[in-house]
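Chemist: TSV, C-alpha atoms and all ligand atoms, file protein_30.tsv:
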```tsv
chain	number	residue	atom	x	y	z
K	25	MET	CA	-22.52	-2.60	100.45
K	26	ARG	CA	-23.97	-4.19	103.56
K	27	ALA	CA	-25.55	-7.59	102.95
K	28	VAL	CA	-26.68	-10.59	104.98
K	29	VAL	CA	-24.78	-13.63	103.78
K	30	PHE	CA	-25.93	-17.20	104.38
K	31	GLN	CA	-22.80	-19.28	104.93
K	32	ARG	CA	-24.04	-22.70	105.95
K	33	GLU	CA	-26.77	-24.35	108.01
K	34	GLY	CA	-27.49	-22.13	111.00
K	35	GLN	CA	-24.94	-19.49	110.05
K	36	MET	CA	-25.72	-16.12	108.56
K	37	GLU	CA	-23.92	-12.81	109.04
K	38	LEU	CA	-24.07	-9.16	108.14
K	39	ALA	CA	-21.05	-8.56	105.88
K	40	VAL	CA	-19.63	-5.95	103.55
K	41	LEU	CA	-19.63	-7.09	99.90
K	42	PRO	CA	-18.57	-5.24	96.75
K	43	ASP	CA	-21.50	-3.30	95.22
K	44	PRO	CA	-23.03	-5.32	92.37
K	45	VAL	CA	-22.51	-4.11	88.81
K	46	ALA	CA	-25.18	-4.56	86.12
K	47	ALA	CA	-23.97	-7.14	83.57
K	48	THR	CA	-25.44	-7.32	80.06
K	49	GLY	CA	-29.21	-7.62	80.32
K	50	GLU	CA	-29.27	-6.78	84.03
K	51	VAL	CA	-30.30	-3.90	86.25
K	52	VAL	CA	-29.12	-3.01	89.74
K	53	LEU	CA	-31.79	-2.15	92.28
K	54	ARG	CA	-31.29	-0.15	95.44
K	55	VAL	CA	-33.34	-2.38	97.73
K	56	HIS	CA	-36.27	-0.65	99.43
K	57	ALA	CA	-37.32	-3.80	101.23
K	58	CYS	CA	-37.31	-7.58	101.06
K	59	GLY	CA	-39.89	-9.86	102.68
K	60	VAL	CA	-39.04	-12.69	105.05
K	61	CYS	CA	-40.47	-15.98	103.78
K	62	GLY	CA	-40.77	-19.48	105.20
K	63	THR	CA	-38.35	-20.56	102.50
K	64	ASP	CA	-35.62	-18.44	104.13
K	65	VAL	CA	-36.24	-20.21	107.43
K	66	HIS	CA	-36.04	-23.63	105.75
K	67	ILE	CA	-32.75	-22.67	104.07
K	68	PHE	CA	-31.31	-21.28	107.31
K	69	HIS	CA	-32.03	-24.56	109.12
K	70	GLY	CA	-30.63	-26.62	106.24
K	71	HIS	CA	-34.01	-28.20	105.42
K	72	LEU	CA	-33.91	-26.83	101.90
K	73	LYS	CA	-30.68	-27.39	99.98
K	74	GLU	CA	-31.88	-27.85	96.40
K	75	GLY	CA	-30.66	-24.92	94.31
K	76	VAL	CA	-29.13	-23.15	97.32
K	77	ASN	CA	-25.68	-21.86	96.52
K	78	PRO	CA	-23.85	-20.54	99.63
K	79	PRO	CA	-22.21	-18.23	100.46
K	80	VAL	CA	-25.24	-16.34	99.15
K	81	VAL	CA	-27.34	-13.32	100.10
K	82	LEU	CA	-30.84	-14.60	100.90
K	83	GLY	CA	-34.16	-12.81	100.28
K	84	HIS	CA	-36.40	-13.21	97.21
K	85	GLU	CA	-39.40	-10.91	97.86
K	86	ILE	CA	-37.72	-7.76	96.63
K	87	VAL	CA	-38.79	-4.23	95.77
K	88	GLY	CA	-36.39	-1.42	94.95
K	89	GLU	CA	-35.38	1.45	92.74
K	90	ILE	CA	-33.34	1.00	89.57
K	91	VAL	CA	-29.99	2.72	90.02
K	92	GLU	CA	-28.08	1.20	87.10
K	93	VAL	CA	-29.06	-0.40	83.79
K	94	GLY	CA	-26.64	-2.80	82.13
K	95	PRO	CA	-25.66	-3.01	78.44
K	96	GLY	CA	-28.51	-4.09	76.19
K	97	VAL	CA	-31.27	-3.01	78.57
K	98	THR	CA	-33.52	-0.53	76.79
K	99	GLN	CA	-36.93	-0.83	78.45
K	100	TRP	CA	-35.90	0.42	81.90
K	101	GLN	CA	-34.50	3.64	83.29
K	102	THR	CA	-32.88	4.59	86.54
K	103	GLY	CA	-35.31	5.97	89.10
K	104	GLN	CA	-38.12	3.50	88.32
K	105	THR	CA	-39.50	1.35	91.14
K	106	ALA	CA	-39.70	-2.37	90.42
K	107	ALA	CA	-40.45	-5.70	92.09
K	108	VAL	CA	-38.47	-8.84	91.28
K	109	ASP	CA	-39.65	-12.13	89.77
K	110	PRO	CA	-37.08	-14.31	91.54
K	111	VAL	CA	-37.45	-17.42	89.38
K	112	VAL	CA	-34.95	-17.04	86.55
K	113	SER	CA	-35.83	-19.77	84.08
K	114	CYS	CA	-33.96	-20.95	80.99
K	115	GLY	CA	-36.56	-19.73	78.48
K	116	ARG	CA	-35.89	-22.67	76.18
K	117	CYS	CA	-37.16	-25.89	77.77
K	118	GLU	CA	-40.60	-27.36	77.15
K	119	PHE	CA	-42.12	-25.78	80.28
K	120	CYS	CA	-40.66	-22.34	79.59
K	121	GLN	CA	-42.00	-22.55	76.05
K	122	ILE	CA	-45.55	-23.20	77.24
K	123	GLY	CA	-45.41	-20.29	79.69
K	124	GLN	CA	-44.77	-22.36	82.82
K	125	PRO	CA	-41.30	-21.18	83.88
K	126	ASN	CA	-42.11	-22.22	87.48
K	127	LEU	CA	-41.65	-25.83	86.32
K	128	CYS	CA	-38.35	-25.21	84.46
K	129	PRO	CA	-35.89	-27.90	85.59
K	130	THR	CA	-32.86	-25.59	85.39
K	131	ALA	CA	-34.40	-22.43	86.89
K	132	THR	CA	-32.26	-20.49	89.36
K	133	VAL	CA	-33.71	-18.33	92.11
K	134	VAL	CA	-32.69	-14.79	93.10
K	135	GLY	CA	-32.25	-15.01	96.84
K	136	TYR	CA	-30.69	-18.42	97.15
K	137	SER	CA	-29.14	-19.63	93.89
K	138	ARG	CA	-27.79	-16.11	93.34
K	139	HIS	CA	-27.55	-13.04	95.59
K	140	GLY	CA	-30.89	-11.75	96.83
K	141	GLY	CA	-32.50	-8.86	98.63
K	142	TYR	CA	-31.18	-8.80	102.20
K	143	ALA	CA	-28.68	-6.23	100.96
K	144	GLU	CA	-28.41	-2.59	100.00
K	145	TYR	CA	-28.23	-3.47	96.29
K	146	VAL	CA	-29.05	-6.44	94.10
K	147	ALA	CA	-28.39	-7.17	90.42
K	148	VAL	CA	-31.22	-8.96	88.60
K	149	PRO	CA	-32.09	-9.76	84.97
K	150	ALA	CA	-34.09	-6.88	83.47
K	151	SER	CA	-36.47	-9.50	82.07
K	152	HIS	CA	-37.39	-10.48	85.64
K	153	ILE	CA	-38.64	-7.24	87.12
K	154	VAL	CA	-42.03	-5.56	86.93
K	155	PRO	CA	-42.91	-1.91	87.55
K	156	ILE	CA	-44.85	-0.99	90.67
K	157	ALA	CA	-46.10	2.47	91.61
K	158	PRO	CA	-44.16	3.98	94.52
K	159	LYS	CA	-47.50	4.59	96.28
K	160	ALA	CA	-47.73	0.84	97.07
K	161	GLY	CA	-44.76	1.48	99.35
K	162	LEU	CA	-42.40	-1.14	100.65
K	163	LYS	CA	-45.25	-3.13	102.19
K	164	GLY	CA	-47.14	-3.51	98.93
K	165	GLY	CA	-43.88	-3.98	97.02
K	166	ILE	CA	-42.62	-6.98	98.97
K	167	LEU	CA	-45.95	-8.77	98.50
K	168	VAL	CA	-45.82	-8.74	94.68
K	169	GLU	CA	-44.07	-12.11	94.50
K	170	THR	CA	-46.26	-13.80	97.10
K	171	LEU	CA	-49.45	-12.42	95.59
K	172	ALA	CA	-48.28	-13.58	92.15
K	173	CYS	CA	-48.05	-17.11	93.59
K	174	VAL	CA	-51.60	-16.75	94.92
K	175	LEU	CA	-52.86	-15.44	91.56
K	176	ASN	CA	-51.41	-18.48	89.84
K	177	GLY	CA	-53.21	-20.69	92.37
K	178	TYR	CA	-56.42	-18.70	92.00
K	179	GLU	CA	-56.40	-19.17	88.25
K	180	ARG	CA	-55.77	-22.90	88.60
K	181	LEU	CA	-58.54	-23.17	91.20
K	182	GLY	CA	-61.08	-21.91	88.64
K	183	PHE	CA	-63.26	-20.41	91.34
K	184	GLU	CA	-66.93	-20.25	90.38
K	185	ALA	CA	-69.16	-17.45	91.70
K	186	GLY	CA	-71.68	-18.35	94.35
K	187	ARG	CA	-69.63	-21.20	95.80
K	188	THR	CA	-68.20	-21.67	99.27
K	189	ALA	CA	-64.52	-21.69	100.19
K	190	MET	CA	-62.21	-22.50	103.05
K	191	ILE	CA	-58.55	-21.59	103.60
K	192	LEU	CA	-56.29	-23.59	105.89
K	193	GLY	CA	-53.83	-21.21	107.57
K	194	ALA	CA	-53.80	-17.43	107.94
K	195	GLY	CA	-50.18	-16.44	107.43
K	196	ALA	CA	-49.35	-13.93	104.67
K	197	VAL	CA	-50.29	-16.46	101.98
K	198	GLY	CA	-53.54	-17.46	103.69
K	199	LEU	CA	-54.49	-13.80	104.21
K	200	LEU	CA	-53.80	-12.99	100.54
K	201	TRP	CA	-56.01	-15.93	99.56
K	202	ASN	CA	-58.62	-14.51	101.92
K	203	GLN	CA	-58.61	-11.24	99.99
K	204	MET	CA	-58.78	-12.93	96.60
K	205	LEU	CA	-61.76	-15.05	97.64
K	206	LYS	CA	-63.42	-12.22	99.53
K	207	HIS	CA	-63.41	-10.13	96.36
K	208	SER	CA	-64.82	-13.07	94.42
K	209	PRO	CA	-68.52	-13.60	94.90
K	210	SER	CA	-68.21	-16.49	97.33
K	211	THR	CA	-71.21	-17.11	99.52
K	212	TYR	CA	-69.27	-18.24	102.56
K	213	LEU	CA	-65.57	-18.11	103.43
K	214	ILE	CA	-64.09	-20.20	106.24
K	215	GLN	CA	-60.51	-19.95	107.52
K	216	SER	CA	-58.77	-22.21	110.02
K	217	GLU	CA	-55.67	-21.07	111.90
K	218	PRO	CA	-54.23	-22.04	115.28
K	219	VAL	CA	-52.82	-18.59	116.18
K	220	ALA	CA	-55.42	-16.22	117.67
K	221	PHE	CA	-53.85	-13.03	116.26
K	222	ARG	CA	-53.96	-14.47	112.74
K	223	ARG	CA	-57.55	-15.69	113.16
K	224	HIS	CA	-58.45	-12.17	114.17
K	225	LEU	CA	-56.82	-10.75	111.01
K	226	ALA	CA	-58.60	-13.35	108.86
K	227	ALA	CA	-61.96	-12.33	110.31
K	228	GLN	CA	-61.19	-8.61	109.90
K	229	LEU	CA	-60.17	-9.13	106.29
K	230	GLY	CA	-63.29	-11.04	105.30
K	231	ALA	CA	-63.63	-14.60	106.59
K	232	ASP	CA	-67.23	-15.35	107.62
K	233	LEU	CA	-66.11	-18.04	110.07
K	234	VAL	CA	-62.71	-18.65	111.66
K	235	ILE	CA	-61.83	-21.92	113.35
K	236	ASP	CA	-59.05	-22.82	115.78
K	237	PRO	CA	-57.91	-26.28	114.65
K	238	ALA	CA	-55.91	-26.72	117.86
K	239	SER	CA	-58.89	-26.51	120.18
K	240	GLU	CA	-61.95	-27.16	118.02
K	241	SER	CA	-63.11	-29.89	115.68
K	242	VAL	CA	-62.71	-28.41	112.20
K	243	ALA	CA	-65.09	-31.00	110.74
K	244	GLU	CA	-67.84	-30.26	113.29
K	245	ARG	CA	-67.62	-26.51	112.87
K	246	VAL	CA	-67.64	-26.76	109.07
K	247	ARG	CA	-70.51	-29.28	108.97
K	248	ALA	CA	-72.56	-27.10	111.32
K	249	VAL	CA	-72.75	-24.35	108.69
K	250	LEU	CA	-72.14	-26.32	105.48
K	251	PRO	CA	-73.50	-29.84	106.02
K	252	GLU	CA	-72.58	-30.94	102.49
K	253	GLY	CA	-69.03	-29.63	102.76
K	254	VAL	CA	-67.06	-26.83	101.07
K	255	ASP	CA	-66.76	-26.30	97.31
K	256	TYR	CA	-63.14	-25.13	97.37
K	257	ILE	CA	-60.55	-25.76	100.06
K	258	VAL	CA	-57.07	-24.26	99.73
K	259	ASP	CA	-54.24	-25.38	101.99
K	260	ALA	CA	-52.08	-22.38	102.83
K	261	SER	CA	-50.62	-23.96	105.96
K	262	GLY	CA	-48.21	-26.57	104.60
K	263	ASP	CA	-49.29	-28.75	107.50
K	264	PRO	CA	-50.01	-32.37	106.47
K	265	ARG	CA	-52.40	-32.82	109.43
K	266	ALA	CA	-54.49	-29.88	108.28
K	267	VAL	CA	-54.57	-31.33	104.76
K	268	GLU	CA	-55.65	-34.76	106.01
K	269	GLN	CA	-58.41	-33.28	108.16
K	270	ALA	CA	-59.78	-31.09	105.39
K	271	ILE	CA	-59.91	-33.37	102.34
K	272	PRO	CA	-63.04	-35.16	103.66
K	273	LEU	CA	-64.73	-31.75	103.99
K	274	VAL	CA	-64.72	-31.08	100.23
K	275	ARG	CA	-68.24	-31.06	98.80
K	276	LYS	CA	-69.31	-33.22	95.86
K	277	ARG	CA	-67.65	-31.97	92.65
K	278	GLY	CA	-65.46	-29.74	94.80
K	279	THR	CA	-61.72	-29.02	94.65
K	280	PHE	CA	-58.89	-29.30	97.15
K	281	MET	CA	-55.78	-27.28	96.33
K	282	ILE	CA	-52.32	-28.02	97.73
K	283	PHE	CA	-50.73	-24.58	97.90
K	284	GLY	CA	-48.74	-24.55	101.14
K	285	VAL	CA	-45.47	-26.48	101.05
K	286	CYS	CA	-45.73	-29.61	103.20
K	287	PRO	CA	-42.38	-31.10	104.30
K	288	LYS	CA	-40.81	-33.39	101.72
K	289	GLY	CA	-41.67	-37.02	102.45
K	290	SER	CA	-44.80	-36.22	104.47
K	291	GLU	CA	-47.80	-38.47	103.95
K	292	VAL	CA	-51.54	-38.06	104.40
K	293	ARG	CA	-54.25	-40.70	104.35
K	294	ILE	CA	-57.00	-40.31	101.79
K	295	ASP	CA	-59.92	-42.57	101.04
K	296	PRO	CA	-60.01	-43.04	97.26
K	297	HIS	CA	-63.56	-44.34	97.55
K	298	GLU	CA	-64.67	-40.98	98.94
K	299	ILE	CA	-62.75	-39.08	96.26
K	300	TYR	CA	-64.60	-41.19	93.70
K	301	GLN	CA	-68.01	-40.87	95.33
K	302	ARG	CA	-67.72	-37.12	95.49
K	303	GLU	CA	-66.04	-36.74	92.09
K	304	MET	CA	-63.62	-34.34	93.70
K	305	LYS	CA	-60.43	-32.83	92.34
K	306	ILE	CA	-57.09	-32.55	94.14
K	307	ILE	CA	-54.80	-30.04	92.44
K	308	ALA	CA	-51.66	-28.04	93.24
K	309	SER	CA	-50.04	-24.72	92.38
K	310	LYS	CA	-46.36	-23.85	92.61
K	311	MET	CA	-44.71	-20.42	92.44
K	312	PRO	CA	-45.66	-17.60	90.11
K	313	PRO	CA	-45.41	-18.14	86.37
K	314	ARG	CA	-45.46	-14.61	85.04
K	315	LYS	CA	-48.24	-13.21	87.20
K	316	LEU	CA	-46.16	-10.45	88.76
K	317	ASN	CA	-47.58	-7.65	86.63
K	318	GLN	CA	-51.13	-8.51	87.64
K	319	ALA	CA	-50.06	-8.80	91.27
K	320	ALA	CA	-48.40	-5.37	91.15
K	321	ARG	CA	-51.51	-3.80	89.56
K	322	LEU	CA	-53.73	-5.35	92.25
K	323	LEU	CA	-51.51	-4.07	95.06
K	324	GLU	CA	-51.46	-0.60	93.48
K	325	SER	CA	-55.27	-0.64	93.24
K	326	GLY	CA	-55.62	-0.57	97.01
K	327	LYS	CA	-57.94	-3.61	96.94
K	328	ILE	CA	-55.45	-5.78	98.80
K	329	ASP	CA	-54.98	-4.72	102.41
K	330	TYR	CA	-51.20	-5.11	102.64
K	331	GLU	CA	-50.92	-2.80	105.65
K	332	ARG	CA	-52.49	-5.44	107.86
K	333	ILE	CA	-50.51	-8.34	106.36
K	334	VAL	CA	-47.05	-6.74	106.62
K	335	THR	CA	-47.04	-6.35	110.39
K	336	THR	CA	-43.36	-5.68	110.99
K	337	VAL	CA	-40.41	-3.78	109.48
K	338	ARG	CA	-36.81	-4.37	110.60
K	339	GLY	CA	-33.28	-3.37	109.53
K	340	LEU	CA	-30.60	-5.45	107.80
K	341	GLY	CA	-28.89	-6.13	111.12
K	342	GLU	CA	-31.97	-7.95	112.35
K	343	VAL	CA	-32.47	-10.63	109.69
K	344	ALA	CA	-31.52	-13.50	111.99
K	345	ALA	CA	-33.81	-12.10	114.69
K	346	ALA	CA	-36.57	-11.70	112.09
K	347	LEU	CA	-36.28	-15.36	111.08
K	348	ARG	CA	-36.67	-16.28	114.76
K	349	MET	CA	-39.68	-13.98	115.09
K	350	PHE	CA	-41.20	-15.50	111.97
K	351	GLU	CA	-40.98	-18.95	113.52
K	352	GLN	CA	-41.62	-18.31	117.18
K	353	GLU	CA	-43.69	-15.14	117.48
K	354	ARG	CA	-46.51	-16.02	115.12
K	355	ASP	CA	-48.95	-14.38	117.47
K	356	ARG	CA	-47.42	-10.95	116.79
K	357	HIS	CA	-45.88	-10.98	113.33
K	358	VAL	CA	-47.24	-12.11	109.97
K	359	LYS	CA	-45.16	-10.77	107.06
K	360	ILE	CA	-41.89	-9.16	108.11
K	361	ALA	CA	-40.12	-6.68	105.82
K	362	ILE	CA	-36.37	-6.13	105.99
K	363	THR	CA	-35.22	-2.72	104.85
K	364	PRO	CA	-31.61	-1.55	104.49
K	365	GLN	CA	-32.80	1.92	105.45
K	366	GLY	CA	-33.97	0.66	108.86
J	401	ZN	ZN	-41.19	-16.58	99.41
J	402	ZN	ZN	-36.79	-23.72	81.20
```
When written as structure tokens, how does the structure in this file appear?
Modeler:
Amino acid sequence: MRAVVFQREGQMELAVLPDPVAATGEVVLRVHACGVCGTDVHIFHGHLKEGVNPPVVLGHEIVGEIVEVGPGVTQWQTGQTAAVDPVVSCGRCEFCQIGQPNLCPTATVVGYSRHGGYAEYVAVPASHIVPIAPKAGLKGGILVETLACVLNGYERLGFEAGRTAMILGAGAVGLLWNQMLKHSPSTYLIQSEPVAFRRHLAAQLGADLVIDPASESVAERVRAVLPEGVDYIVDASGDPRAVEQAIPLVRKRGTFMIFGVCPKGSEVRIDPHEIYQREMKIIASKMPPRKLNQAARLLESGKIDYERIVTTVRGLGEVAAALRMFEQERDRHVKIAITPQG
């Protein structure tokens, strides 16, 4: 099969590998599509090494059709469409036992610890796929994993009806958060994003106010409409400066959620006195513990506008170009899908 193999920092190539075979407990998917994620870019540049096992086929936002079921797999049949839960946890440690496999210390990840979805076929544990209706298409299918992450964050946020919210960033993650909060009865939704194209999408999808943090004062614009601050602020930018700017904008009793992945070792200044005075919470959410079924149902329901979020579809031969586009052409592309059929 054709597959895009990550060799080492800065080096990735389209290669021919043997077709995978379903081992006991596994299925083989014919990949319909695989989403390009910031994580892939970090791995490509060598910024993320933990758990990365080259030479390895990257890509963890996978949807495909089951073409082979391995020994011992009874609940799946060939021909079914499924999305992949890429975090393969041990199932035995304390965190796995309490239903938090995202915190499992020995978890491996499909798409960098083991071969992923920038390929014609991928073998995955049958316990780590969920069904998704073909009508969601490749665009809905590749968002299952990302939306599952957002659903985990949404649950942890404990959003209360009638409150106000703000999202920092309007990439795929920020736009999915937009849709979750738009469908919740929030009274006012603000989104900040430096790229005009993405601000435009955020406004189209439901933000009441969009702010350009590069040319406007976020604090002034927020205070002009919500003088007391915002009840819930979610960082979906992974930008420490955005986090630092926004924490003082949380309203009394409000919550700030760290959801975007800031670079390791980054620091922000906070005033503990203010945190105390406002009795605010700072919480975080990491990866999707078992929310993929709900994410797939939501994408099938048509309530999440994935057509606008997945802006771009490219072939396997263009993965390196797609990573470049992801980084440098943020004004034209949001979520990019790679499809072996392209
Ligand atoms: Zn991802
Ligand atoms: Zn575990």
Chemist: Find, counting all atoms listed in the file, the residue in K:His84, K:Arg265, K:His69, K:Arg32 that gets nearest to ligand ZN 401 (chain J).
Modeler: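 Looking only at the distances to ligand ZN 401 (chain J), the closest residue turns out to be K:His84.
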Chemist: Pick the closest to ligand ZN 401 (chain J) from K:Gly88, K:Gly94, K:Gly34, K:Gly141: which is it, counting only C-alpha atoms and all ligand atoms?
Modeler: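 Comparing K:Gly88, K:Gly94, K:Gly34, K:Gly141 against ligand ZN 401 (chain J), the winner is K:Gly141.
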Chemist: What does the distance between atom CA of K:Tyr330 and atom CA of K:Ile166 come to in Å, to one decimal place?
Modeler: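 These two atoms are separated by 9.5 Å.
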Chemist: I'd like the contact shell of K:Arg275 - 7 Å cut-off, all atoms listed in the file, skipping same-chain residues fewer than 5 positions apart - returned as a count of residues only.
Modeler: 5
Chemist: I'd like to know which of K:Leu200, K:Val55, K:Ala319, K:Val242 is closest to K:Met25, using only C-alpha atoms.
Modeler: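 Of all the options, K:Val55 lies closest to K:Met25.
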Chemist: Restricting the calculation to all atoms listed in the file: of K:Leu72, K:Val358, K:Val29, K:Ala220, which residue gets closest to K:Gly198?
Modeler: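 Checking each of K:Leu72, K:Val358, K:Val29, K:Ala220 against K:Gly198, counting all atoms listed in the file, the winner is K:Val358.
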Chemist: Check which residues fall inside 8 Å of ligand ZN 402 (chain J) when counting only C-alpha atoms and all ligand atoms, and print them as a compact mmCIF listing (two decimals) with C-alpha atoms, keeping the file's coordinate frame.
Modeler:
```
# COMPACT_ATOMS: atom_id res chain seq x y z
CA SER K 113 -35.83 -19.77 84.08
CA CYS K 114 -33.96 -20.95 80.99
CA GLY K 115 -36.56 -19.73 78.48
CA ARG K 116 -35.89 -22.67 76.18
CA CYS K 117 -37.16 -25.89 77.77
CA GLU K 118 -40.60 -27.36 77.15
CA PHE K 119 -42.12 -25.78 80.28
CA CYS K 120 -40.66 -22.34 79.59
CA GLN K 121 -42.00 -22.55 76.05
CA PRO K 125 -41.30 -21.18 83.88
CA LEU K 127 -41.65 -25.83 86.32
CA CYS K 128 -38.35 -25.21 84.46
CA PRO K 129 -35.89 -27.90 85.59
CA THR K 130 -32.86 -25.59 85.39
CA ALA K 131 -34.40 -22.43 86.89
```
Chemist: Compare K:Gln269, K:Thr102, K:Thr63, K:Gln203 by their minimum atom-to-atom distance to ligand ZN 401 (chain J), counting only C-alpha atoms and all ligand atoms, and give me the closest one.
Modeler: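 Closest to ligand ZN 401 (chain J) of all the choices is K:Thr63.
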Chemist: Which residues are near ligand ZN 401 (chain J) - at most 12 Å, using all atoms listed in the file? Format: as a PyMOL selection string.
Modeler: chain K and resi 58-67+82-86+108-111+133-136+140-141+166-174+196-197+284-285+310-312+359-361
Chemist: Restricting it to C-alpha atoms, dump the selection as a PDB file, keeping the file's coordinate frame.
Modeler:
```
ATOM      1  CA  CYS K  58     -37.310  -7.580 101.060  1.00  0.00           C
ATOM      2  CA  GLY K  59     -39.890  -9.860 102.680  1.00  0.00           C
ATOM      3  CA  VAL K  60     -39.040 -12.690 105.050  1.00  0.00           C
ATOM      4  CA  CYS K  61     -40.470 -15.980 103.780  1.00  0.00           C
ATOM      5  CA  GLY K  62     -40.770 -19.480 105.200  1.00  0.00           C
ATOM      6  CA  THR K  63     -38.350 -20.560 102.500  1.00  0.00           C
ATOM      7  CA  ASP K  64     -35.620 -18.440 104.130  1.00  0.00           C
ATOM      8  CA  VAL K  65     -36.240 -20.210 107.430  1.00  0.00           C
ATOM      9  CA  HIS K  66     -36.040 -23.630 105.750  1.00  0.00           C
ATOM     10  CA  ILE K  67     -32.750 -22.670 104.070  1.00  0.00           C
ATOM     11  CA  LEU K  82     -30.840 -14.600 100.900  1.00  0.00           C
ATOM     12  CA  GLY K  83     -34.160 -12.810 100.280  1.00  0.00           C
ATOM     13  CA  HIS K  84     -36.400 -13.210  97.210  1.00  0.00           C
ATOM     14  CA  GLU K  85     -39.400 -10.910  97.860  1.00  0.00           C
ATOM     15  CA  ILE K  86     -37.720  -7.760  96.630  1.00  0.00           C
ATOM     16  CA  VAL K 108     -38.470  -8.840  91.280  1.00  0.00           C
ATOM     17  CA  ASP K 109     -39.650 -12.130  89.770  1.00  0.00           C
ATOM     18  CA  PRO K 110     -37.080 -14.310  91.540  1.00  0.00           C
ATOM     19  CA  VAL K 111     -37.450 -17.420  89.380  1.00  0.00           C
ATOM     20  CA  VAL K 133     -33.710 -18.330  92.110  1.00  0.00           C
ATOM     21  CA  VAL K 134     -32.690 -14.790  93.100  1.00  0.00           C
ATOM     22  CA  GLY K 135     -32.250 -15.010  96.840  1.00  0.00           C
ATOM     23  CA  TYR K 136     -30.690 -18.420  97.150  1.00  0.00           C
ATOM     24  CA  GLY K 140     -30.890 -11.750  96.830  1.00  0.00           C
ATOM     25  CA  GLY K 141     -32.500  -8.860  98.630  1.00  0.00           C
ATOM     26  CA  ILE K 166     -42.620  -6.980  98.970  1.00  0.00           C
ATOM     27  CA  LEU K 167     -45.950  -8.770  98.500  1.00  0.00           C
ATOM     28  CA  VAL K 168     -45.820  -8.740  94.680  1.00  0.00           C
ATOM     29  CA  GLU K 169     -44.070 -12.110  94.500  1.00  0.00           C
ATOM     30  CA  THR K 170     -46.260 -13.800  97.100  1.00  0.00           C
ATOM     31  CA  LEU K 171     -49.450 -12.420  95.590  1.00  0.00           C
ATOM     32  CA  ALA K 172     -48.280 -13.580  92.150  1.00  0.00           C
ATOM     33  CA  CYS K 173     -48.050 -17.110  93.590  1.00  0.00           C
ATOM     34  CA  VAL K 174     -51.600 -16.750  94.920  1.00  0.00           C
ATOM     35  CA  ALA K 196     -49.350 -13.930 104.670  1.00  0.00           C
ATOM     36  CA  VAL K 197     -50.290 -16.460 101.980  1.00  0.00           C
ATOM     37  CA  GLY K 284     -48.740 -24.550 101.140  1.00  0.00           C
ATOM     38  CA  VAL K 285     -45.470 -26.480 101.050  1.00  0.00           C
ATOM     39  CA  LYS K 310     -46.360 -23.850  92.610  1.00  0.00           C
ATOM     40  CA  MET K 311     -44.710 -20.420  92.440  1.00  0.00           C
ATOM     41  CA  PRO K 312     -45.660 -17.600  90.110  1.00  0.00           C
ATOM     42  CA  LYS K 359     -45.160 -10.770 107.060  1.00  0.00           C
ATOM     43  CA  ILE K 360     -41.890  -9.160 108.110  1.00  0.00           C
ATOM     44  CA  ALA K 361     -40.120  -6.680 105.820  1.00  0.00           C
TER      45      ALA K 361
END
```
Chemist: For stretch 226-228 of chain K, find every residue with an atom within 8 Å (counting all atoms listed in the file), except residues of its own chain fewer than 4 positions away, and show them as a list in words.
Modeler: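 Surrounding residues, per the criterion: Ala194, Leu199, Asn202, Gln215, Arg222, Asp232, Leu233 and Val234 of chain K.
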Chemist: Select, from K:Gly123, K:Ile362, K:Thr105, K:Ala39, the residue with the minimum atom-to-atom distance to K:Ala345, counting only C-alpha atoms.
Modeler: K:Ile362
Chemist: Calculate how many Å separate atom CA of K:Lys305 from atom CA of K:Gly278, rounding to one decimal.
Modeler: 6.4 Å
Chemist: Set up a box along x, y and z of the file covering all listed atoms of stretch 319-335 of chain K, add 4 Å on every one of the six sides, and write the centre and edge lengths in Å to one decimal, as JSON.
Modeler:
```
{"center_x": -52.5, "center_y": -4.7, "center_z": 100.0, "size_x": 18.9, "size_y": 16.2, "size_z": 28.8}
```
Chemist: Just give me the gap between atom CA of K:Leu229 and atom CA of K:Lys206 in Å, one decimal is fine.
Modeler: 8.1 Å
Chemist: For K:Leu175, list every protein, DNA or RNA residue within 9 Å, evaluated using only C-alpha atoms, and leave out those in the same chain fewer than 6 positions away; present the list as number ranges by chain.
Modeler: K: 201, 204, 312, 315-316, 318-319
Chemist: Could you pull the residues within 9 Å of K:Leu181, counting all atoms listed in the file, minus those fewer than 6 positions along the same chain, as a short mmCIF file (atom, residue, chain, number, x, y, z; two decimals) with C-alpha atoms, keeping the file's coordinate frame?
Modeler:
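So the final result, stored in part-v4.cif, reads:
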```
data_model
loop_
_atom_site.label_atom_id
_atom_site.label_comp_id
_atom_site.auth_asym_id
_atom_site.auth_seq_id
_atom_site.Cartn_x
_atom_site.Cartn_y
_atom_site.Cartn_z
CA TYR K 256 -63.14 -25.13 97.37
CA VAL K 258 -57.07 -24.26 99.73
CA THR K 279 -61.72 -29.02 94.65
CA PHE K 280 -58.89 -29.30 97.15
CA MET K 281 -55.78 -27.28 96.33
CA ILE K 307 -54.80 -30.04 92.44
CA ALA K 308 -51.66 -28.04 93.24
CA SER K 309 -50.04 -24.72 92.38
#
```
Chemist: Which residues, written as a VMD selection string, have at least one atom at most 9 Å from K:Ile235, with all atoms listed in the file counted and residues fewer than 4 positions away on the same chain left out?
Modeler: chain K and resid 214 to 218 223 239 to 242 245 to 246
Chemist: Please return, as a ChimeraX atom specification, all polymer residues that have at least one atom within 8 Å of the point (-32.0, 1.1, 92.6); use all atoms listed in the file and the file's own coordinate frame.
Modeler: /K:52-55,88-92,102-105,145
